[in-house]
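Below is one structure, written out as structure tokens; the observations come after it.
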Amino acid sequence: MNNLELLAFCVTKPEPYVEDAYAKECLIITEDASCPNGLMAANALLIDRIGAFEAAVEAGNPTMQDWSIQQLISLLETSGINNGEFTNFWGVYDVSYSSFT
């Protein structure tokens, strides 16, 4: 099989969104992104609350800043959130999720 034949074959047989063979423990995402689980919803809210905090800082609104921080802390206590993109980014700054907990 040459490269073009292989490409045509691969295009007609895409891999599933979630492959059972790659799951090691439990899935942290759903097979259908339009049906989020609690962890996915918490991660989306986490990103939203980061934006709210930024807006509060720009507006000079300390009450909103405090509310946003309290929301962030609450969301960071969601079971499994340590597998999320935000907490995984902490490693860039040499911080681990265990230092938060």
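By convention here, the chains of the structure tokens are called A, B, ... in the order presented, each chain's residues are numbered starting at 1, and ligands are numbered starting at 1 in the order presented.
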Non-local contacts of segment 80-95 of chain A (8 Å; only C-alpha atoms; under 2 positions in same chain excluded) as a ChimeraX atom specification: /A:28,39,42-43,47,75-78,97,99
Within 10 Å of Ile50 of chain A using only C-alpha atoms, minus same-chain residues under 2 positions, as a list of chain:residue names: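 In the requested format, the answer is A:Leu45, A:Leu46, A:Ile47, A:Asp48, A:Ala52, A:Phe53, A:Glu54, A:Ala55, A:Ala56, A:Gln65, A:Ser68, A:Ile69, A:Gln71, A:Leu72.
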DSSP-assigned alpha helix (DSSP H) members of chain A, reported as a ChimeraX atom specification: /A:3-12,38-59,62-76,85-89,97-100
Atomic separation - atom CA of Ile29 of chain A relative to atom CA of Thr101 of chain A, Å: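 Computed distance, atom CA of Thr101 of chain A to atom CA of Ile29 of chain A, equals 22.7 Å.
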Pairwise distance for atom CA of Phe100 of chain A and atom CA of Gly60 of chain A, rounded to one decimal in Å: 26.5 Å
Å distance separating atom CA of Val11 of chain A from atom CA of Ala33 of chain A, one decimal place: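 Here the two named atoms are 21.6 Å from each other.
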